[in-house]
>>> print(open('query.tsv').read())   # TSV, C-alpha atoms and all ligand atoms
chain	number	residue	atom	x	y	z
R	1	SER	CA	95.69	122.37	147.91
R	2	THR	CA	95.46	124.09	144.54
R	3	VAL	CA	95.50	120.71	142.79
R	4	GLU	CA	92.52	119.46	144.81
R	5	ALA	CA	90.66	122.73	144.30
R	6	ALA	CA	91.40	122.48	140.58
R	7	LYS	CA	90.05	118.91	140.42
R	8	ARG	CA	86.93	119.96	142.32
R	9	PHE	CA	86.22	122.98	140.11
R	10	ALA	CA	86.72	120.96	136.93
R	11	ALA	CA	84.38	118.25	138.20
R	12	PHE	CA	81.70	120.68	139.37
R	13	THR	CA	81.76	122.60	136.08
R	14	ALA	CA	81.53	119.43	133.97
R	15	VAL	CA	78.63	118.01	136.02
R	16	ASP	CA	76.72	121.30	135.86
R	17	ARG	CA	77.06	121.35	132.07
R	18	HIS	CA	76.74	117.69	131.12
R	19	VAL	CA	74.66	115.87	133.77
R	20	LEU	CA	71.25	117.25	133.02
R	21	GLN	CA	67.73	116.50	134.18
R	22	GLN	CA	66.99	114.19	131.24
R	23	HIS	CA	70.09	112.05	131.85
R	24	LYS	CA	69.18	108.80	133.60
R	25	ILE	CA	72.10	106.40	132.91
R	26	ILE	CA	75.37	107.90	134.13
R	27	GLY	CA	78.86	106.37	133.94
R	28	ILE	CA	81.28	107.14	136.79
R	29	GLY	CA	85.03	106.90	136.10
R	30	SER	CA	87.95	106.11	138.39
R	31	GLY	CA	90.70	108.03	140.15
R	32	SER	CA	90.97	110.97	142.54
R	33	THR	CA	88.98	113.56	140.57
R	34	VAL	CA	85.75	111.62	140.13
R	35	PRO	CA	84.80	111.77	143.85
R	36	TYR	CA	84.07	115.45	143.18
R	37	VAL	CA	81.88	114.41	140.23
R	38	VAL	CA	79.83	112.19	142.56
R	39	GLU	CA	79.68	114.96	145.19
R	40	ARG	CA	78.24	117.41	142.64
R	41	ILE	CA	75.72	114.87	141.31
R	42	VAL	CA	74.51	114.10	144.85
R	43	ALA	CA	74.05	117.85	145.34
R	44	GLN	CA	71.60	117.85	142.40
R	45	GLY	CA	69.17	116.30	144.87
R	46	GLU	CA	67.27	113.10	145.56
R	47	ASP	CA	64.37	113.88	143.26
R	48	LEU	CA	66.64	113.79	140.23
R	49	ASN	CA	68.89	110.96	141.41
R	50	ARG	CA	66.00	108.66	142.42
R	51	ASP	CA	65.28	108.04	138.70
R	52	ARG	CA	68.92	107.54	137.73
R	53	VAL	CA	71.28	104.55	137.64
R	54	PHE	CA	75.05	104.84	137.94
R	55	ILE	CA	77.50	102.55	136.13
R	56	PRO	CA	80.97	102.03	137.68
R	57	THR	CA	84.31	101.65	135.91
R	58	GLY	CA	85.80	99.38	138.57
R	59	PHE	CA	85.88	98.58	142.28
R	60	GLN	CA	86.82	102.09	143.45
R	61	SER	CA	84.14	103.62	141.22
R	62	LYS	CA	81.53	101.16	142.53
R	63	GLU	CA	82.42	102.06	146.13
R	64	LEU	CA	81.95	105.76	145.34
R	65	ILE	CA	78.43	105.09	143.98
R	66	VAL	CA	77.42	102.81	146.85
R	67	LYS	CA	78.77	105.13	149.55
R	68	ALA	CA	76.88	108.06	148.00
R	69	ASN	CA	73.66	106.01	148.19
R	70	LEU	CA	73.22	106.28	144.43
R	71	ARG	CA	71.59	103.42	142.53
R	72	LEU	CA	74.19	101.02	141.14
R	73	GLY	CA	73.79	99.51	137.68
R	74	ASP	CA	75.99	97.42	135.43
R	75	VAL	CA	77.12	98.05	131.89
R	76	ASP	CA	75.63	94.76	130.68
R	77	GLN	CA	72.21	95.93	131.91
R	78	TYR	CA	72.73	99.37	130.34
R	79	PRO	CA	74.92	98.99	127.22
R	80	THR	CA	74.09	102.56	126.20
R	81	ILE	CA	74.90	105.30	128.69
R	82	ASP	CA	73.75	108.93	128.50
R	83	VAL	CA	76.95	110.47	129.85
R	84	THR	CA	80.16	109.21	131.40
R	85	ILE	CA	82.55	111.49	133.27
R	86	ASP	CA	86.10	110.27	133.94
R	87	GLY	CA	89.59	111.43	134.79
R	88	ALA	CA	92.73	111.19	132.69
R	89	ASP	CA	96.47	111.07	133.19
R	90	GLU	CA	97.22	113.43	130.30
R	91	VAL	CA	95.21	115.05	127.47
R	92	ASP	CA	96.73	116.33	124.21
R	93	HIS	CA	95.65	119.16	121.89
R	94	ASP	CA	93.24	116.80	120.09
R	95	LEU	CA	91.61	115.45	123.28
R	96	ASN	CA	93.49	112.15	122.99
R	97	CYS	CA	94.24	110.82	126.47
R	98	ILE	CA	96.61	108.64	128.35
R	99	LYS	CA	94.53	106.73	130.89
R	100	GLY	CA	95.32	103.83	133.17
R	101	GLY	CA	97.40	105.45	135.88
R	102	GLY	CA	94.89	103.79	138.19
R	103	ALA	CA	94.89	100.53	136.18
R	104	CYS	CA	91.14	100.84	135.49
R	105	HIS	CA	91.28	101.63	131.79
R	106	LEU	CA	89.59	98.47	130.42
R	107	ARG	CA	86.21	99.20	132.02
R	108	GLU	CA	86.80	102.92	131.59
R	109	LYS	CA	87.14	102.47	127.83
R	110	VAL	CA	84.04	100.24	127.69
R	111	LEU	CA	82.04	102.98	129.40
R	112	ALA	CA	83.63	105.73	127.32
R	113	GLU	CA	82.54	103.89	124.17
R	114	ALA	CA	79.06	103.13	125.55
R	115	ALA	CA	78.41	106.77	126.41
R	116	GLU	CA	76.58	109.17	124.13
R	117	THR	CA	78.79	111.83	125.72
R	118	TRP	CA	82.16	111.17	127.32
R	119	VAL	CA	83.70	114.05	129.30
R	120	ILE	CA	87.11	114.32	130.98
R	121	VAL	CA	87.73	116.14	134.26
R	122	ALA	CA	91.24	116.90	135.50
R	123	ASP	CA	93.54	119.41	137.15
R	124	TYR	CA	95.93	121.63	135.17
R	125	ARG	CA	98.79	119.10	135.37
R	126	LYS	CA	97.01	116.91	132.80
R	127	ASN	CA	96.49	119.65	130.20
R	128	SER	CA	99.13	118.99	127.53
R	129	GLN	CA	99.92	119.33	123.82
R	130	VAL	CA	101.68	116.04	123.08
R	131	LEU	CA	101.08	112.92	125.20
R	132	GLY	CA	104.06	111.80	127.23
R	133	THR	CA	105.12	115.38	128.03
R	134	THR	CA	103.82	115.33	131.61
R	135	TYR	CA	102.78	111.71	132.18
R	136	LYS	CA	106.15	109.94	131.82
R	137	ALA	CA	105.40	106.49	133.22
R	138	GLY	CA	104.47	105.24	129.75
R	139	VAL	CA	101.32	103.95	128.07
R	140	PRO	CA	99.42	101.73	130.53
R	141	ILE	CA	98.57	98.40	128.89
R	142	GLU	CA	96.32	95.80	130.54
R	143	VAL	CA	97.67	92.37	129.57
R	144	ALA	CA	96.83	88.70	130.12
R	145	PRO	CA	99.20	87.60	132.91
R	146	PHE	CA	100.59	84.53	131.12
R	147	ALA	CA	101.53	86.68	128.10
R	148	TYR	CA	103.39	89.45	129.93
R	149	ALA	CA	106.99	88.26	129.35
R	150	LYS	CA	106.43	87.79	125.61
R	151	LEU	CA	104.67	91.15	125.46
R	152	LEU	CA	107.58	92.90	127.16
R	153	GLN	CA	109.88	91.54	124.44
R	154	ASN	CA	107.48	92.61	121.68
R	155	LEU	CA	107.01	96.07	123.17
R	156	HIS	CA	110.77	96.53	123.51
R	157	ARG	CA	111.03	95.59	119.81
R	158	LEU	CA	108.10	97.81	118.78
R	159	GLY	CA	109.76	100.91	120.22
R	160	SER	CA	109.54	100.84	124.00
R	161	PRO	CA	112.81	99.50	125.42
R	162	GLY	CA	111.71	100.92	128.75
R	163	ALA	CA	108.50	98.88	128.99
R	164	VAL	CA	108.09	97.32	132.44
R	165	LEU	CA	105.59	95.23	134.37
R	166	ARG	CA	103.79	97.46	136.91
R	167	MET	CA	104.78	96.27	140.35
R	168	ALA	CA	102.80	97.03	143.50
R	169	GLN	CA	105.05	99.47	145.37
R	170	THR	CA	103.55	98.96	148.82
R	171	SER	CA	101.11	96.63	150.62
R	172	LYS	CA	101.48	93.83	148.11
R	173	ALA	CA	104.41	91.78	146.93
R	174	GLY	CA	104.56	91.24	143.19
R	175	PRO	CA	102.75	92.92	140.26
R	176	ILE	CA	99.61	95.06	140.31
R	177	VAL	CA	96.53	92.96	139.50
R	178	THR	CA	93.57	94.80	137.92
R	179	ASP	CA	89.85	94.46	138.79
R	180	ASN	CA	89.74	91.98	135.91
R	181	GLY	CA	92.60	89.81	137.23
R	182	ASN	CA	95.13	91.02	134.66
R	183	PHE	CA	98.60	92.62	134.82
R	184	VAL	CA	99.61	96.09	133.63
R	185	ILE	CA	102.68	96.96	131.55
R	186	ASP	CA	103.80	100.60	131.40
R	187	ALA	CA	105.41	101.28	128.02
R	188	PRO	CA	107.10	104.64	127.40
R	189	PHE	CA	107.38	105.68	123.73
R	190	ASP	CA	109.28	108.65	122.35
R	191	GLU	CA	107.64	111.85	121.14
R	192	GLU	CA	107.50	110.77	117.49
R	193	TRP	CA	105.27	107.88	118.47
R	194	MET	CA	103.19	109.93	120.91
R	195	LYS	CA	102.39	112.50	118.23
R	196	GLU	CA	100.34	109.79	116.49
R	197	PRO	CA	98.49	108.18	119.40
R	198	HIS	CA	95.85	106.51	117.23
R	199	ASP	CA	98.54	104.77	115.16
R	200	LEU	CA	100.39	103.72	118.33
R	201	LEU	CA	97.13	102.46	119.88
R	202	THR	CA	96.49	100.25	116.85
R	203	LYS	CA	100.01	98.80	116.83
R	204	ILE	CA	99.94	97.98	120.55
R	205	LYS	CA	96.40	96.58	120.45
R	206	MET	CA	97.44	94.10	117.75
R	207	LEU	CA	100.07	92.47	119.99
R	208	THR	CA	98.90	89.06	121.20
R	209	GLY	CA	98.00	89.11	124.90
R	210	VAL	CA	97.03	92.78	125.05
R	211	VAL	CA	93.63	93.23	126.71
R	212	GLU	CA	93.31	97.04	126.47
R	213	VAL	CA	95.54	100.06	125.86
R	214	GLY	CA	95.46	103.27	127.93
R	215	LEU	CA	95.26	105.52	124.85
R	216	PHE	CA	91.75	106.96	124.35
R	217	CYS	CA	91.71	108.55	120.90
R	218	GLY	CA	88.89	110.63	119.46
R	219	MET	CA	86.48	109.63	122.24
R	220	ALA	CA	86.09	112.75	124.36
R	221	GLU	CA	83.42	115.38	123.79
R	222	ALA	CA	85.23	117.86	126.03
R	223	ALA	CA	87.89	118.12	128.71
R	224	TYR	CA	87.62	120.38	131.78
R	225	PHE	CA	90.87	121.39	133.51
R	226	GLY	CA	90.82	123.23	136.83
R	227	THR	CA	93.58	125.85	136.79
R	228	ALA	CA	95.99	126.86	139.57
R	229	ASP	CA	94.36	130.30	139.82
R	230	GLY	CA	90.89	128.91	140.49
R	231	ASN	CA	89.46	128.95	136.99
R	232	VAL	CA	88.68	126.24	134.46
R	233	THR	CA	90.09	125.68	130.97
R	234	ILE	CA	87.89	123.77	128.54
R	235	LYS	CA	89.09	121.87	125.45
R	236	TRP	CA	86.57	120.49	122.97
A	301	LIG	O1	93.48	105.59	135.55
A	301	LIG	C1	92.79	106.51	135.10
A	301	LIG	O2	92.66	106.74	133.86
A	301	LIG	C2	92.09	107.40	136.08
A	301	LIG	O3	91.07	108.07	135.42
A	301	LIG	C3	93.10	108.32	136.75
A	301	LIG	O4	94.39	108.14	136.26
A	301	LIG	C4	92.75	109.79	136.66
A	301	LIG	O5	93.70	110.50	137.39
A	301	LIG	P1	93.26	111.38	138.67
A	301	LIG	O6	93.36	110.48	139.85
A	301	LIG	O7	94.25	112.51	138.67
A	301	LIG	O8	91.84	111.84	138.44
>>> encode(input="query.tsv", output="structure tokens")
Amino acid sequence: STVEAAKRFAAFTAVDRHVLQQHKIIGIGSGSTVPYVVERIVAQGEDLNRDRVFIPTGFQSKELIVKANLRLGDVDQYPTIDVTIDGADEVDHDLNCIKGGGACHLREKVLAEAAETWVIVADYRKNSQVLGTTYKAGVPIEVAPFAYAKLLQNLHRLGSPGAVLRMAQTSKAGPIVTDNGNFVIDAPFDEEWMKEPHDLLTKIKMLTGVVEVGLFCGMAEAAYFGTADGNVTIKW
């Protein structure tokens, strides 16, 4: 499909430009675009990859690394990472992102912060001006399970009357549980709020029981978007 081809081209372009010979510690994000990142890194050859270690951003990311026979490392062994490549749910004109559609944003943000260079790869659907325009499910917020009911009340009061606990739709009764054993609340905010994502991030982060917020502000070096006509758009 054009979306898959767009993801693949974005991932290949970003790897070719940002995963260079001298890079030894490489962070691998989560979602459906990063498998193409791993594919392109594997294609760089065993000689290069033998001296590298790959840091996952969750269970799915770890499986990708292991299945590709790449060397697995952990962020506590390698607190500084040369480059991390990850997906996003939406990216605004300033490279601020909504992340957490896959409920992996706590470890993703740890690796984004630990990376000298953090690069986003996505298809054209994620390329936006103001957050919330295309990704309408709300800001993903990882929360401590015993605090979720209080947090829903506080988020409703803060400005998200539509905030809800993320329920598993299929194959599990009850709420989604993250790799860290936490719940996720999806909190939609109106455009006024989403025009100031850093301010919104701070306000949400301060609420008791919040573990991490799926707003990544001022962290990305560049964003690569595969386009529907087989090209790539780059924001930096
Ligand atoms: O949850 C996330 O932030 C993931 O990176 C994910 O949402 C990225 O989306 P993708 O599956 O379209 O790459």
>>> closest_residue(input="query.tsv", among="R:Val130, R:Cys104, R:Ile65, R:Ala6", to="ligand LIG 301 (chain A)", atoms="only C-alpha atoms and all ligand atoms")
R:Cys104
>>> closest_atom_pairs(input="query.tsv", of="chain R", to="ligand LIG 301 (chain A)", cutoff="6 Å", atoms="all atoms listed in the file", output="JSON lines")
{"residue": "R:Ser30", "atom": "CA", "partner": "A:LIG301", "partner_atom": "O3", "distance": 4.7}
{"residue": "R:Gly31", "atom": "CA", "partner": "A:LIG301", "partner_atom": "O6", "distance": 3.6}
{"residue": "R:Ser32", "atom": "CA", "partner": "A:LIG301", "partner_atom": "O6", "distance": 3.6}
{"residue": "R:Thr33", "atom": "CA", "partner": "A:LIG301", "partner_atom": "O8", "distance": 4.0}
{"residue": "R:Asp86", "atom": "CA", "partner": "A:LIG301", "partner_atom": "O3", "distance": 5.6}
{"residue": "R:Gly87", "atom": "CA", "partner": "A:LIG301", "partner_atom": "O3", "distance": 3.7}
{"residue": "R:Ala88", "atom": "CA", "partner": "A:LIG301", "partner_atom": "C4", "distance": 4.2}
{"residue": "R:Asp89", "atom": "CA", "partner": "A:LIG301", "partner_atom": "O4", "distance": 4.7}
{"residue": "R:Lys99", "atom": "CA", "partner": "A:LIG301", "partner_atom": "O2", "distance": 3.5}
{"residue": "R:Gly100", "atom": "CA", "partner": "A:LIG301", "partner_atom": "O1", "distance": 3.5}
{"residue": "R:Gly101", "atom": "CA", "partner": "A:LIG301", "partner_atom": "O1", "distance": 3.9}
{"residue": "R:Gly102", "atom": "CA", "partner": "A:LIG301", "partner_atom": "O1", "distance": 3.5}
{"residue": "R:Ala103", "atom": "CA", "partner": "A:LIG301", "partner_atom": "O1", "distance": 5.3}
{"residue": "R:Cys104", "atom": "CA", "partner": "A:LIG301", "partner_atom": "O1", "distance": 5.3}
{"residue": "R:His105", "atom": "CA", "partner": "A:LIG301", "partner_atom": "O2", "distance": 5.7}
{"residue": "R:Ala122", "atom": "CA", "partner": "A:LIG301", "partner_atom": "O8", "distance": 5.9}
>>> closest_residue(input="query.tsv", among="R:Leu48, R:Ala14, R:Ser160, R:Ala112", to="Glu191 of chain R", atoms="only C-alpha atoms")
R:Ser160
>>> closest_residue(input="query.tsv", among="R:Leu95, R:Leu151, R:Val184, R:Leu20", to="Leu165 of chain R", atoms="all atoms listed in the file")
R:Val184
>>> residues_near_point(input="query.tsv", point="(110.5, 102.0, 118.7)", cutoff="8 Å", atoms="all atoms listed in the file", output="MDAnalysis selection string")
chainID R and resid 156:161 189:190 193
>>> atom_distance(input="query.tsv", atom1="atom CA of Trp236 of chain R", atom2="atom CA of Glu142 of chain R")
27.6 Å
>>> closest_residue(input="query.tsv", among="R:Thr80, R:Val177, R:Lys62, R:Leu200", to="His23 of chain R", atoms="all atoms listed in the file")
R:Thr80
>>> closest_residue(input="query.tsv", among="R:Thr208, R:Thr133, R:Asn180, R:Ser128", to="Glu192 of chain R", atoms="only C-alpha atoms")
R:Thr133
>>> atom_distance(input="query.tsv", atom1="atom CA of Ile41 of chain R", atom2="atom CA of Lys235 of chain R")
21.9 Å
>>> atom_distance(input="query.tsv", atom1="atom CA of Val121 of chain R", atom2="atom CA of Phe59 of chain R")
19.4 Å
>>> residues_around(input="query.tsv", residues="Val139 of chain R", least_positions_apart="2", cutoff="7 Å", atoms="all atoms listed in the file", output="MDAnalysis selection string")
chainID R and resid 98 141 186:188 214
>>> closest_residue(input="query.tsv", among="R:Ala5, R:Val83, R:Leu131, R:Ala10", to="Gly29 of chain R", atoms="all atoms listed in the file")
R:Val83
>>> closest_atom_pairs(input="query.tsv", of="segment 67-146 of chain R", to="segment 218-226 of chain R", cutoff="9 Å", atoms="all atoms listed in the file", output="Markdown table")
| residue | atom | partner | partner_atom | distance |
| --- | --- | --- | --- | --- |
| R:Val91 | CA | R:Ala223 | CA | 8.0 |
| R:Asp94 | CA | R:Gly218 | CA | 7.6 |
| R:Leu95 | CA | R:Ala220 | CA | 6.2 |
| R:Asn96 | CA | R:Gly218 | CA | 6.0 |
| R:Cys97 | CA | R:Ala220 | CA | 8.6 |
| R:Ala112 | CA | R:Met219 | CA | 7.0 |
| R:Glu113 | CA | R:Met219 | CA | 7.2 |
| R:Thr117 | CA | R:Glu221 | CA | 6.1 |
| R:Trp118 | CA | R:Ala220 | CA | 5.2 |
| R:Val119 | CA | R:Ala222 | CA | 5.2 |
| R:Ile120 | CA | R:Ala223 | CA | 4.5 |
| R:Val121 | CA | R:Tyr224 | CA | 4.9 |
| R:Ala122 | CA | R:Phe225 | CA | 4.9 |
| R:Asp123 | CA | R:Gly226 | CA | 4.7 |
| R:Tyr124 | CA | R:Phe225 | CA | 5.3 |
| R:Arg125 | CA | R:Phe225 | CA | 8.5 |
| R:Lys126 | CA | R:Phe225 | CA | 7.6 |
| R:Asn127 | CA | R:Phe225 | CA | 6.8 |
>>> write_last_selection(input="query.tsv", atoms="C-alpha atoms", output="tab-separated table (two decimals), in the coordinates of the input")
chain	number	residue	atom	x	y	z
R	91	VAL	CA	95.21	115.05	127.47
R	94	ASP	CA	93.24	116.80	120.09
R	95	LEU	CA	91.61	115.45	123.28
R	96	ASN	CA	93.49	112.15	122.99
R	97	CYS	CA	94.24	110.82	126.47
R	112	ALA	CA	83.63	105.73	127.32
R	113	GLU	CA	82.54	103.89	124.17
R	117	THR	CA	78.79	111.83	125.72
R	118	TRP	CA	82.16	111.17	127.32
R	119	VAL	CA	83.70	114.05	129.30
R	120	ILE	CA	87.11	114.32	130.98
R	121	VAL	CA	87.73	116.14	134.26
R	122	ALA	CA	91.24	116.90	135.50
R	123	ASP	CA	93.54	119.41	137.15
R	124	TYR	CA	95.93	121.63	135.17
R	125	ARG	CA	98.79	119.10	135.37
R	126	LYS	CA	97.01	116.91	132.80
R	127	ASN	CA	96.49	119.65	130.20
>>> axis_aligned_box(input="query.tsv", around="segment 108-119 of chain R", padding_each_side="5 Å", output="JSON")
{"center_x": 81.9, "center_y": 107.1, "center_z": 127.9, "size_x": 20.6, "size_y": 23.8, "size_z": 17.5}
>>> residues_around(input="query.tsv", residues="Lys24 of chain R", least_positions_apart="2", cutoff="7 Å", atoms="all atoms listed in the file", output="list in words")
Gln22, Ile26, Asp51, Arg52, Val53 and Asp82 of chain R
